[in-house]
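Structure file structure_23.cif with mmCIF, C-alpha atoms:
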data_input
#
loop_
_atom_site.group_PDB
_atom_site.id
_atom_site.type_symbol
_atom_site.label_atom_id
_atom_site.label_comp_id
_atom_site.auth_asym_id
_atom_site.auth_seq_id
_atom_site.Cartn_x
_atom_site.Cartn_y
_atom_site.Cartn_z
ATOM 1 C CA MET A 1 64.795 90.122 118.350
ATOM 2 C CA ARG A 2 68.449 89.146 117.953
ATOM 3 C CA ILE A 3 70.023 89.047 114.527
ATOM 4 C CA VAL A 4 73.639 88.980 113.400
ATOM 5 C CA VAL A 5 74.783 91.750 111.057
ATOM 6 C CA ASN A 6 78.258 91.490 109.567
ATOM 7 C CA GLY A 7 79.243 89.147 112.352
ATOM 8 C CA ARG A 8 77.919 91.392 115.111
ATOM 9 C CA ASP A 9 74.986 90.590 117.394
ATOM 10 C CA MET A 10 72.260 93.190 117.174
ATOM 11 C CA ASP A 11 68.945 93.716 118.902
ATOM 12 C CA VAL A 12 66.317 95.000 116.472
ATOM 13 C CA ALA A 13 62.553 95.432 116.391
ATOM 14 C CA GLU A 14 60.374 92.486 115.408
ATOM 15 C CA GLY A 15 59.260 92.566 111.801
ATOM 16 C CA LEU A 16 62.126 94.775 110.623
ATOM 17 C CA SER A 17 62.700 94.605 106.875
ATOM 18 C CA VAL A 18 66.066 94.674 105.117
ATOM 19 C CA ASP A 19 65.138 98.157 103.976
ATOM 20 C CA GLY A 20 64.435 99.187 107.574
ATOM 21 C CA LEU A 21 67.716 97.693 108.781
ATOM 22 C CA LEU A 22 69.737 99.596 106.182
ATOM 23 C CA ARG A 23 67.945 102.780 107.145
ATOM 24 C CA GLU A 24 68.552 102.177 110.844
ATOM 25 C CA LEU A 25 72.256 101.567 110.215
ATOM 26 C CA GLY A 26 72.626 104.519 107.864
ATOM 27 C CA VAL A 27 74.054 102.388 105.083
ATOM 28 C CA LYS A 28 74.275 104.001 101.651
ATOM 29 C CA ARG A 29 72.447 101.996 99.003
ATOM 30 C CA GLU A 30 74.712 102.706 96.071
ATOM 31 C CA TYR A 31 77.155 99.873 95.325
ATOM 32 C CA THR A 32 75.884 97.947 98.335
ATOM 33 C CA ALA A 33 74.680 94.356 98.379
ATOM 34 C CA VAL A 34 72.878 92.367 101.073
ATOM 35 C CA ALA A 35 72.691 88.664 101.783
ATOM 36 C CA VAL A 36 70.440 87.069 104.399
ATOM 37 C CA ASN A 37 71.432 83.580 105.531
ATOM 38 C CA ARG A 38 73.728 83.213 102.492
ATOM 39 C CA ASP A 39 71.033 84.195 99.977
ATOM 40 C CA ILE A 40 71.426 87.476 98.165
ATOM 41 C CA THR A 41 68.513 89.879 98.588
ATOM 42 C CA PRO A 42 67.873 91.830 95.383
ATOM 43 C CA LYS A 43 67.508 95.581 95.878
ATOM 44 C CA SER A 44 63.936 95.344 94.637
ATOM 45 C CA ALA A 45 63.103 92.992 97.535
ATOM 46 C CA TYR A 46 64.553 95.037 100.406
ATOM 47 C CA GLU A 47 61.171 96.291 101.600
ATOM 48 C CA ALA A 48 59.389 92.971 101.280
ATOM 49 C CA THR A 49 62.133 90.925 102.974
ATOM 50 C CA MET A 50 61.305 90.658 106.676
ATOM 51 C CA LEU A 51 64.048 89.616 109.042
ATOM 52 C CA ARG A 52 63.509 86.824 111.517
ATOM 53 C CA PRO A 53 65.197 86.068 114.834
ATOM 54 C CA GLY A 54 68.616 84.524 114.358
ATOM 55 C CA ASP A 55 68.999 85.743 110.766
ATOM 56 C CA LYS A 56 72.551 86.314 109.611
ATOM 57 C CA VAL A 57 72.830 89.416 107.474
ATOM 58 C CA GLU A 58 75.837 90.393 105.395
ATOM 59 C CA ILE A 59 76.077 93.928 104.035
ATOM 60 C CA VAL A 60 78.968 94.485 101.647
ATOM 61 C CA ARG A 61 80.385 97.082 99.336
ATOM 62 C CA PRO A 62 83.595 97.674 97.359
ATOM 63 C CA MET A 63 86.711 98.259 99.409
ATOM 64 C CA GLY A 64 90.350 98.807 98.563
ATOM 65 C CA GLY A 65 91.996 95.673 97.265
ATOM 66 C CA GLY A 66 94.476 94.494 94.718
ATOM 67 C CA GLN A 67 95.302 90.995 93.727
ATOM 68 C CA MET B 1 102.385 102.298 65.530
ATOM 69 C CA TYR B 2 98.713 101.378 65.395
ATOM 70 C CA ASP B 3 97.624 98.959 68.100
ATOM 71 C CA THR B 4 94.407 97.136 68.809
ATOM 72 C CA ASN B 5 92.575 97.544 72.103
ATOM 73 C CA LEU B 6 92.368 95.026 74.878
ATOM 74 C CA VAL B 7 88.832 93.652 74.680
ATOM 75 C CA LEU B 8 87.241 92.107 77.765
ATOM 76 C CA GLY B 9 83.570 91.416 78.257
ATOM 77 C CA GLY B 10 82.723 93.326 75.099
ATOM 78 C CA LYS B 11 84.475 96.456 76.391
ATOM 79 C CA ASP B 12 87.459 98.061 74.702
ATOM 80 C CA PHE B 13 90.445 99.244 76.704
ATOM 81 C CA SER B 14 93.272 101.185 75.137
ATOM 82 C CA SER B 15 95.292 100.859 78.346
ATOM 83 C CA ARG B 16 96.840 97.480 79.049
ATOM 84 C CA LEU B 17 97.583 98.243 82.671
ATOM 85 C CA ILE B 18 95.060 97.203 85.298
ATOM 86 C CA VAL B 19 95.562 98.605 88.799
ATOM 87 C CA GLY B 20 94.296 97.920 92.294
ATOM 88 C CA THR B 21 92.897 99.971 95.136
ATOM 89 C CA GLY B 22 94.504 98.333 98.162
ATOM 90 C CA LYS B 23 97.322 99.329 100.506
ATOM 91 C CA TYR B 24 97.436 103.024 99.591
ATOM 92 C CA ALA B 25 98.447 105.426 102.354
ATOM 93 C CA SER B 26 95.422 107.561 101.492
ATOM 94 C CA ASN B 27 92.527 107.589 99.074
ATOM 95 C CA ASP B 28 93.847 110.793 97.573
ATOM 96 C CA ILE B 29 97.221 109.226 96.727
ATOM 97 C CA MET B 30 95.322 106.310 95.199
ATOM 98 C CA ARG B 31 93.306 108.679 93.048
ATOM 99 C CA GLN B 32 96.442 110.427 91.802
ATOM 100 C CA ALA B 33 98.174 107.109 91.141
ATOM 101 C CA HIS B 34 95.211 105.889 89.114
ATOM 102 C CA GLU B 35 95.352 109.076 87.105
ATOM 103 C CA GLU B 36 99.081 108.714 86.360
ATOM 104 C CA SER B 37 98.760 104.999 85.540
ATOM 105 C CA GLY B 38 96.440 105.710 82.633
ATOM 106 C CA ALA B 39 94.541 102.567 83.648
ATOM 107 C CA GLN B 40 90.908 102.178 82.652
ATOM 108 C CA LEU B 41 90.211 99.067 84.698
ATOM 109 C CA VAL B 42 90.455 99.212 88.469
ATOM 110 C CA THR B 43 90.041 96.215 90.713
ATOM 111 C CA VAL B 44 88.212 96.387 94.044
ATOM 112 C CA ALA B 45 87.531 93.911 96.832
ATOM 113 C CA VAL B 46 84.041 93.267 98.203
ATOM 114 C CA ARG B 47 83.888 93.461 101.981
ATOM 115 C CA ARG B 48 81.545 93.995 104.902
ATOM 116 C CA VAL B 49 80.636 97.639 105.417
ATOM 117 C CA SER B 50 81.747 99.062 108.728
ATOM 118 C CA LEU B 51 78.810 99.720 111.030
ATOM 119 C CA PRO B 52 77.204 102.092 111.579
ATOM 120 C CA GLY B 53 77.257 102.637 107.879
ATOM 121 C CA SER B 54 78.223 106.223 107.288
ATOM 122 C CA GLY B 55 81.765 107.159 106.303
ATOM 123 C CA ASP B 56 83.967 107.364 103.263
ATOM 124 C CA SER B 57 83.475 104.955 100.425
ATOM 125 C CA ILE B 58 86.392 104.111 98.189
ATOM 126 C CA LEU B 59 84.084 104.933 95.307
ATOM 127 C CA ASP B 60 84.170 108.582 96.333
ATOM 128 C CA PHE B 61 87.735 108.456 94.982
ATOM 129 C CA ILE B 62 87.152 106.496 91.781
ATOM 130 C CA ASP B 63 85.377 108.287 88.961
ATOM 131 C CA THR B 64 83.202 105.482 87.641
ATOM 132 C CA SER B 65 82.454 107.415 84.474
ATOM 133 C CA ARG B 66 86.181 107.038 83.621
ATOM 134 C CA TYR B 67 87.142 103.760 85.188
ATOM 135 C CA THR B 68 85.547 100.359 84.833
ATOM 136 C CA LEU B 69 85.375 98.595 88.177
ATOM 137 C CA LEU B 70 86.654 95.057 88.341
ATOM 138 C CA PRO B 71 85.445 93.376 91.538
ATOM 139 C CA ASN B 72 87.664 90.587 92.769
ATOM 140 C CA THR B 73 87.094 87.577 94.969
ATOM 141 C CA ALA B 74 90.316 88.018 96.931
ATOM 142 C CA GLY B 75 90.289 86.162 100.220
ATOM 143 C CA CYS B 76 88.004 83.390 98.972
ATOM 144 C CA TYR B 77 89.267 79.878 99.630
ATOM 145 C CA THR B 78 86.477 77.867 98.029
ATOM 146 C CA ALA B 79 84.594 77.977 94.738
ATOM 147 C CA ASP B 80 81.372 78.530 96.692
ATOM 148 C CA GLU B 81 82.718 81.623 98.479
ATOM 149 C CA ALA B 82 84.082 83.035 95.241
ATOM 150 C CA ILE B 83 80.815 82.439 93.386
ATOM 151 C CA ARG B 84 78.787 84.105 96.152
ATOM 152 C CA THR B 85 81.170 87.046 96.190
ATOM 153 C CA ALA B 86 80.794 87.479 92.427
ATOM 154 C CA TYR B 87 77.015 87.476 92.782
ATOM 155 C CA LEU B 88 77.214 90.015 95.612
ATOM 156 C CA ALA B 89 79.402 92.238 93.445
ATOM 157 C CA ARG B 90 76.935 92.008 90.580
ATOM 158 C CA GLU B 91 74.004 92.750 92.880
ATOM 159 C CA ALA B 92 75.941 95.715 94.287
ATOM 160 C CA GLY B 93 75.997 97.167 90.776
ATOM 161 C CA LEU B 94 79.641 96.448 89.975
ATOM 162 C CA GLY B 95 78.835 94.766 86.686
ATOM 163 C CA ASP B 96 79.476 91.365 85.198
ATOM 164 C CA MET B 97 83.256 91.328 85.199
ATOM 165 C CA VAL B 98 84.982 89.444 87.958
ATOM 166 C CA LYS B 99 88.627 88.893 88.739
ATOM 167 C CA LEU B 100 88.231 85.426 90.088
ATOM 168 C CA GLU B 101 90.498 84.281 92.867
ATOM 169 C CA VAL B 102 90.173 80.987 94.666
ATOM 170 C CA ILE B 103 93.132 80.809 97.002
ATOM 171 C CA GLY B 104 94.622 77.470 97.937
ATOM 172 C CA ASP B 105 97.247 78.421 100.488
ATOM 173 C CA ALA B 106 97.538 81.401 102.835
ATOM 174 C CA ARG B 107 101.319 81.677 102.828
ATOM 175 C CA THR B 108 101.882 81.676 99.065
ATOM 176 C CA LEU B 109 98.395 82.795 97.993
ATOM 177 C CA PHE B 110 98.744 80.345 95.139
ATOM 178 C CA PRO B 111 95.441 79.505 93.479
ATOM 179 C CA ASP B 112 93.413 76.376 94.140
ATOM 180 C CA VAL B 113 93.033 75.434 90.503
ATOM 181 C CA GLN B 114 90.360 72.838 91.136
ATOM 182 C CA GLY B 115 88.126 75.390 92.863
ATOM 183 C CA LEU B 116 89.083 77.964 90.268
ATOM 184 C CA LEU B 117 87.937 75.766 87.394
ATOM 185 C CA GLU B 118 84.682 74.976 89.138
ATOM 186 C CA ALA B 119 83.943 78.646 89.878
ATOM 187 C CA THR B 120 84.950 79.683 86.352
ATOM 188 C CA ARG B 121 82.565 77.158 84.818
ATOM 189 C CA THR B 122 79.649 78.245 87.007
ATOM 190 C CA LEU B 123 80.154 81.982 86.653
ATOM 191 C CA ALA B 124 80.774 81.850 82.899
ATOM 192 C CA ARG B 125 77.529 79.929 82.511
ATOM 193 C CA GLU B 126 75.774 82.626 84.549
ATOM 194 C CA GLY B 127 76.927 85.323 82.152
ATOM 195 C CA PHE B 128 79.901 86.713 84.033
ATOM 196 C CA THR B 129 83.057 87.874 82.291
ATOM 197 C CA VAL B 130 85.401 85.643 84.249
ATOM 198 C CA MET B 131 89.027 86.697 84.634
ATOM 199 C CA PRO B 132 90.707 83.963 86.664
ATOM 200 C CA TYR B 133 93.931 84.494 88.604
ATOM 201 C CA THR B 134 95.859 81.310 87.968
ATOM 202 C CA ASN B 135 99.345 79.904 88.216
ATOM 203 C CA ASP B 136 101.719 79.809 85.274
ATOM 204 C CA ASP B 137 100.614 76.340 84.179
ATOM 205 C CA PRO B 138 99.664 76.169 80.475
ATOM 206 C CA VAL B 139 97.503 73.063 81.002
ATOM 207 C CA VAL B 140 95.392 74.816 83.620
ATOM 208 C CA ALA B 141 95.229 77.932 81.423
ATOM 209 C CA LYS B 142 93.765 75.838 78.606
ATOM 210 C CA ARG B 143 91.240 74.232 80.955
ATOM 211 C CA LEU B 144 90.179 77.674 82.160
ATOM 212 C CA GLU B 145 89.658 78.799 78.592
ATOM 213 C CA ASP B 146 87.574 75.690 77.928
ATOM 214 C CA ALA B 147 85.577 76.427 81.095
ATOM 215 C CA GLY B 148 84.571 79.795 79.644
ATOM 216 C CA ALA B 149 87.163 82.210 81.041
ATOM 217 C CA ALA B 150 87.264 85.537 79.182
ATOM 218 C CA CYS B 151 91.010 85.712 79.710
ATOM 219 C CA VAL B 152 93.611 83.965 81.827
ATOM 220 C CA MET B 153 95.662 85.763 84.446
ATOM 221 C CA PRO B 154 98.795 83.824 85.295
ATOM 222 C CA LEU B 155 100.907 85.059 88.162
ATOM 223 C CA GLY B 156 104.412 86.300 87.455
ATOM 224 C CA ALA B 157 105.359 85.543 91.062
ATOM 225 C CA PRO B 158 103.452 85.321 94.361
ATOM 226 C CA ILE B 159 101.015 88.158 95.082
ATOM 227 C CA GLY B 160 102.774 91.124 96.644
ATOM 228 C CA SER B 161 106.218 89.489 96.371
ATOM 229 C CA GLY B 162 107.705 91.860 93.802
ATOM 230 C CA LEU B 163 109.818 89.018 92.428
ATOM 231 C CA GLY B 164 108.984 89.780 88.809
ATOM 232 C CA ILE B 165 108.315 87.297 86.039
ATOM 233 C CA ARG B 166 109.815 84.118 87.460
ATOM 234 C CA ASN B 167 108.946 81.798 84.609
ATOM 235 C CA PRO B 168 108.778 83.733 81.345
ATOM 236 C CA TYR B 169 108.973 80.480 79.377
ATOM 237 C CA ASN B 170 105.713 79.208 80.847
ATOM 238 C CA ILE B 171 104.057 82.548 80.143
ATOM 239 C CA LYS B 172 105.194 82.187 76.521
ATOM 240 C CA ILE B 173 103.782 78.666 76.341
ATOM 241 C CA ILE B 174 100.476 79.916 77.797
ATOM 242 C CA LEU B 175 100.398 82.548 75.037
ATOM 243 C CA GLU B 176 100.741 79.792 72.466
ATOM 244 C CA THR B 177 98.201 77.567 74.211
ATOM 245 C CA VAL B 178 95.154 79.787 74.650
ATOM 246 C CA SER B 179 93.372 82.156 72.303
ATOM 247 C CA VAL B 180 91.828 84.358 75.012
ATOM 248 C CA PRO B 181 93.845 87.350 76.278
ATOM 249 C CA VAL B 182 96.663 86.601 78.725
ATOM 250 C CA ILE B 183 97.123 89.121 81.528
ATOM 251 C CA VAL B 184 99.965 88.778 84.005
ATOM 252 C CA ASP B 185 98.510 89.196 87.476
ATOM 253 C CA ALA B 186 100.759 89.469 90.512
ATOM 254 C CA GLY B 187 104.483 89.481 91.118
ATOM 255 C CA VAL B 188 105.504 92.686 89.378
ATOM 256 C CA GLY B 189 107.949 94.661 91.519
ATOM 257 C CA THR B 190 109.158 97.460 89.319
ATOM 258 C CA ALA B 191 108.825 98.909 85.840
ATOM 259 C CA SER B 192 111.219 96.505 84.113
ATOM 260 C CA ASP B 193 109.105 93.551 85.307
ATOM 261 C CA ALA B 194 106.056 95.030 83.602
ATOM 262 C CA ALA B 195 108.059 95.675 80.438
ATOM 263 C CA ILE B 196 109.409 92.109 80.435
ATOM 264 C CA ALA B 197 105.872 90.749 80.732
ATOM 265 C CA MET B 198 104.642 92.889 77.859
ATOM 266 C CA GLU B 199 107.671 92.034 75.702
ATOM 267 C CA LEU B 200 106.689 88.380 75.996
ATOM 268 C CA GLY B 201 103.494 89.322 74.182
ATOM 269 C CA VAL B 202 100.965 89.240 76.995
ATOM 270 C CA ASP B 203 97.881 91.366 76.526
ATOM 271 C CA GLY B 204 98.073 93.240 79.804
ATOM 272 C CA VAL B 205 99.449 93.418 83.313
ATOM 273 C CA LEU B 206 97.574 93.779 86.593
ATOM 274 C CA MET B 207 99.339 95.106 89.648
ATOM 275 C CA ASN B 208 98.611 96.673 92.986
ATOM 276 C CA THR B 209 101.399 96.400 95.549
ATOM 277 C CA ALA B 210 104.149 97.475 93.144
ATOM 278 C CA ILE B 211 102.443 100.853 92.839
ATOM 279 C CA ALA B 212 100.709 101.248 96.204
ATOM 280 C CA GLY B 213 103.741 100.064 98.157
ATOM 281 C CA ALA B 214 106.319 102.204 96.337
ATOM 282 C CA LYS B 215 107.834 105.150 98.203
ATOM 283 C CA ASP B 216 106.175 107.437 95.682
ATOM 284 C CA PRO B 217 103.134 105.573 94.339
ATOM 285 C CA VAL B 218 102.152 108.366 91.965
ATOM 286 C CA ALA B 219 105.580 108.355 90.282
ATOM 287 C CA MET B 220 105.627 104.548 90.180
ATOM 288 C CA ALA B 221 102.194 104.545 88.546
ATOM 289 C CA ARG B 222 103.609 106.675 85.748
ATOM 290 C CA ALA B 223 106.668 104.423 85.476
ATOM 291 C CA MET B 224 104.386 101.416 85.123
ATOM 292 C CA ARG B 225 102.302 103.113 82.470
ATOM 293 C CA LEU B 226 105.426 103.855 80.439
ATOM 294 C CA ALA B 227 106.823 100.355 81.004
ATOM 295 C CA VAL B 228 103.644 98.658 79.825
ATOM 296 C CA GLU B 229 103.535 100.903 76.761
ATOM 297 C CA ALA B 230 107.251 100.398 76.047
ATOM 298 C CA GLY B 231 107.038 96.634 76.487
ATOM 299 C CA ARG B 232 103.999 96.409 74.254
ATOM 300 C CA LEU B 233 105.637 98.522 71.561
ATOM 301 C CA ALA B 234 108.872 96.507 71.716
ATOM 302 C CA TYR B 235 106.890 93.283 71.392
ATOM 303 C CA ARG B 236 105.046 94.561 68.349
ATOM 304 C CA ALA B 237 108.203 96.078 66.847
ATOM 305 C CA GLY B 238 109.835 92.628 66.947
ATOM 306 C CA ARG B 239 113.095 92.358 68.804
ATOM 307 C CA ILE B 240 116.352 91.143 67.251
ATOM 308 C CA GLY B 241 117.566 87.642 67.848
ATOM 309 C CA LYS B 242 120.080 86.923 70.573
ATOM 310 C CA LYS B 243 123.584 85.943 69.472
ATOM 311 C CA LEU B 244 126.649 84.984 71.437
ATOM 312 C CA TYR B 245 129.146 87.007 69.391
ATOM 313 C CA ALA B 246 129.307 90.542 68.093
ATOM 314 C CA THR B 247 127.920 91.681 64.764
ATOM 315 C CA ALA B 248 129.377 95.006 63.620
ATOM 316 C CA SER B 249 126.905 97.753 62.895
ATOM 317 C CA SER B 250 129.316 99.772 60.739
ATOM 318 C CA PRO B 251 130.338 98.502 57.292
ATOM 319 C CA LEU B 252 133.783 96.906 57.028
ATOM 320 C CA GLU B 253 134.156 98.199 53.486
ATOM 321 C CA GLY B 254 135.732 101.602 52.985
ATOM 322 C CA LEU B 255 137.990 101.517 56.022
ATOM 323 C CA PRO B 256 141.021 103.777 55.526
ATOM 324 C CA ASP B 257 144.341 101.971 55.178
ATOM 325 C CA TRP B 258 146.785 102.935 57.920
ATOM 326 C CA THR B 259 149.456 100.412 57.017
ATOM 327 C CA SER B 260 152.652 101.985 55.751
#
Before anything else, please render the file you have as structure tokens.
Amino acid sequence: MRIVVNGRDMDVAEGLSVDGLLRELGVKREYTAVAVNRDITPKSAYEATMLRPGDKVEIVRPMGGGQ
Amino acid sequence: MYDTNLVLGGKDFSSRLIVGTGKYASNDIMRQAHEESGAQLVTVAVRRVSLPGSGDSILDFIDTSRYTLLPNTAGCYTADEAIRTAYLAREAGLGDMVKLEVIGDARTLFPDVQGLLEATRTLAREGFTVMPYTNDDPVVAKRLEDAGAACVMPLGAPIGSGLGIRNPYNIKIILETVSVPVIVDAGVGTASDAAIAMELGVDGVLMNTAIAGAKDPVAMARAMRLAVEAGRLAYRAGRIGKKLYATASSPLEGLPDWTS
């Protein structure tokens, strides 16, 4: 199925969870946050949150920045 | 001279200098600059991870047992974006403090005070320690305090401009208007700017470009540390009044008589 991750189209397996997506992408969990279709997914819900076709996923973490 | 700490969100900070993490030539220079600055609060942006997800994290260069992270909402142009960014930061484990920015104009990066007030109200209600970047308007500063801001952060000059404290009189009025800490955020170009801000009586100064963009960021970080400390001390020492004419420091009595 097609989903959009950080603005990029991706083809992933049906029934992939947020946890599975992070694993597939090799994203470190520490200081990382995930939102699916604008709603934040709590860390405790990564495994239970199944992605659906067309979902927009944002994966963020701290980056250099000032004011 | 004994001084109190800067208290924000129930945390005590003996340093009154807050520094950023952007624009450094390397993470290692950033780490050294942080060290020299003596800062205890370090602001970070929240951005999309690059994919695939391996690679350096800025947090490999910030010892979180020493520094408190202050996520910011830089780049947000609406209250909604800023609120979501604050929630993301909290979910990411960056804590409840947020340097709130709602930008109103891309060229000046001046704040959208209407969006800022709205976001401040919402986030304060949700238990965040809200530190809003605002303009040097005392009326807005008061409204932000009423909306639940933990401090107000008026700009000295536009972000990254290095123009210094352009309206010290407004900063003084803000100090008289609000009872929460006042932290000058943005505009500092060099050490004297930081000292001037502190001499006005503000509670702290936040800067990024002035350090990161200097030819020698590590040396400038130390200069800023000293300037903030010197300005604070001068403020607390109480400066003399300004007068137009001279006042002799040496007594006039006891001058030898050279007339013949």
Legend entry - Close residues, stretch 169-173 of chain B itself excluded, 10 Å, all atoms listed in the file, min 5 positions apart in chain, as number ranges by chain: B: 135-139, 141, 153-156, 178, 182-184, 197, 200-202
Inset, instruction - Do a neighbour search on stretch 48-54 of chain A at 12 Å with all atoms listed in the file, toss out local chain neighbours closer than 5 positions, and write the hits as a VMD selection string. - result: chain A and resid 1 to 5 7 to 22 34 to 37 39 to 43
Inset, instruction - Please evaluate the PyMOL selection byres ((chain B) within 7 of (chain A)) against the structure above and give the resulting residues as a list in words. - result: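 Selected by the PyMOL selection byres ((chain B) within 7 of (chain A)) here: Gly20, Thr21, Gly22, Thr43, Val44, Ala45, Val46, Arg47, Arg48, Val49, Leu51, Pro52, Gly53, Ser54, Ile58, Ala74, Leu88, Glu91, Ala92, Gly93, Leu94, Ile159, Ala186 and Asn208 of chain B.
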Legend entry - Between atom CA of B:Met131 and atom CA of B:Pro168 - distance in Å to one decimal: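 Separation between atom CA of B:Pro168 and atom CA of B:Met131: 20.2 Å.
Here atom CA of B:Val228 is placed at a distance of 7.6 Å from atom CA of B:Val205.
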Inset, instruction - Run the PyMOL selection byres ((chain B and resi 24) around 10) against the file shown and list the residues it catches, as a PyMOL selection string. - result: (chain A and resi 64-65) or (chain B and resi 20-23+25-31+33+208-209+211-214+217)
Inset, instruction - Enter the distance from atom CA of B:Ser37 to atom CA of B:Ala237, in Å, rounded to one decimal. - result: 22.8 Å
Legend entry - Selection near stretch 106-114 of chain B, 8 Å with all atoms listed in the file, sequence-local residues under 6 positions removed, as a PyMOL selection string: chain B and resi 77+133-135+140+158-159
Legend entry - Minimum-distance residue to B:Arg125, chosen among B:Gly162, B:Gly10, B:Ile83, B:Ser260 (using all atoms listed in the file):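 Answer, going by the shortest atom-to-atom distance: B:Ile83.
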Inset, instruction - Output the residue selection produced by the PyMOL selection byres ((chain B and resi 222) around 10) on the file above, formatted as a VMD selection string. - result: chain B and resid 33 to 38 191 211 217 to 221 223 to 228
Inset, instruction - Counting only C-alpha atoms, figure out which residue out of B:Gly160, B:Pro181, B:Gly115, B:Gly9 gets nearest to B:Lys142. - result: B:Pro181
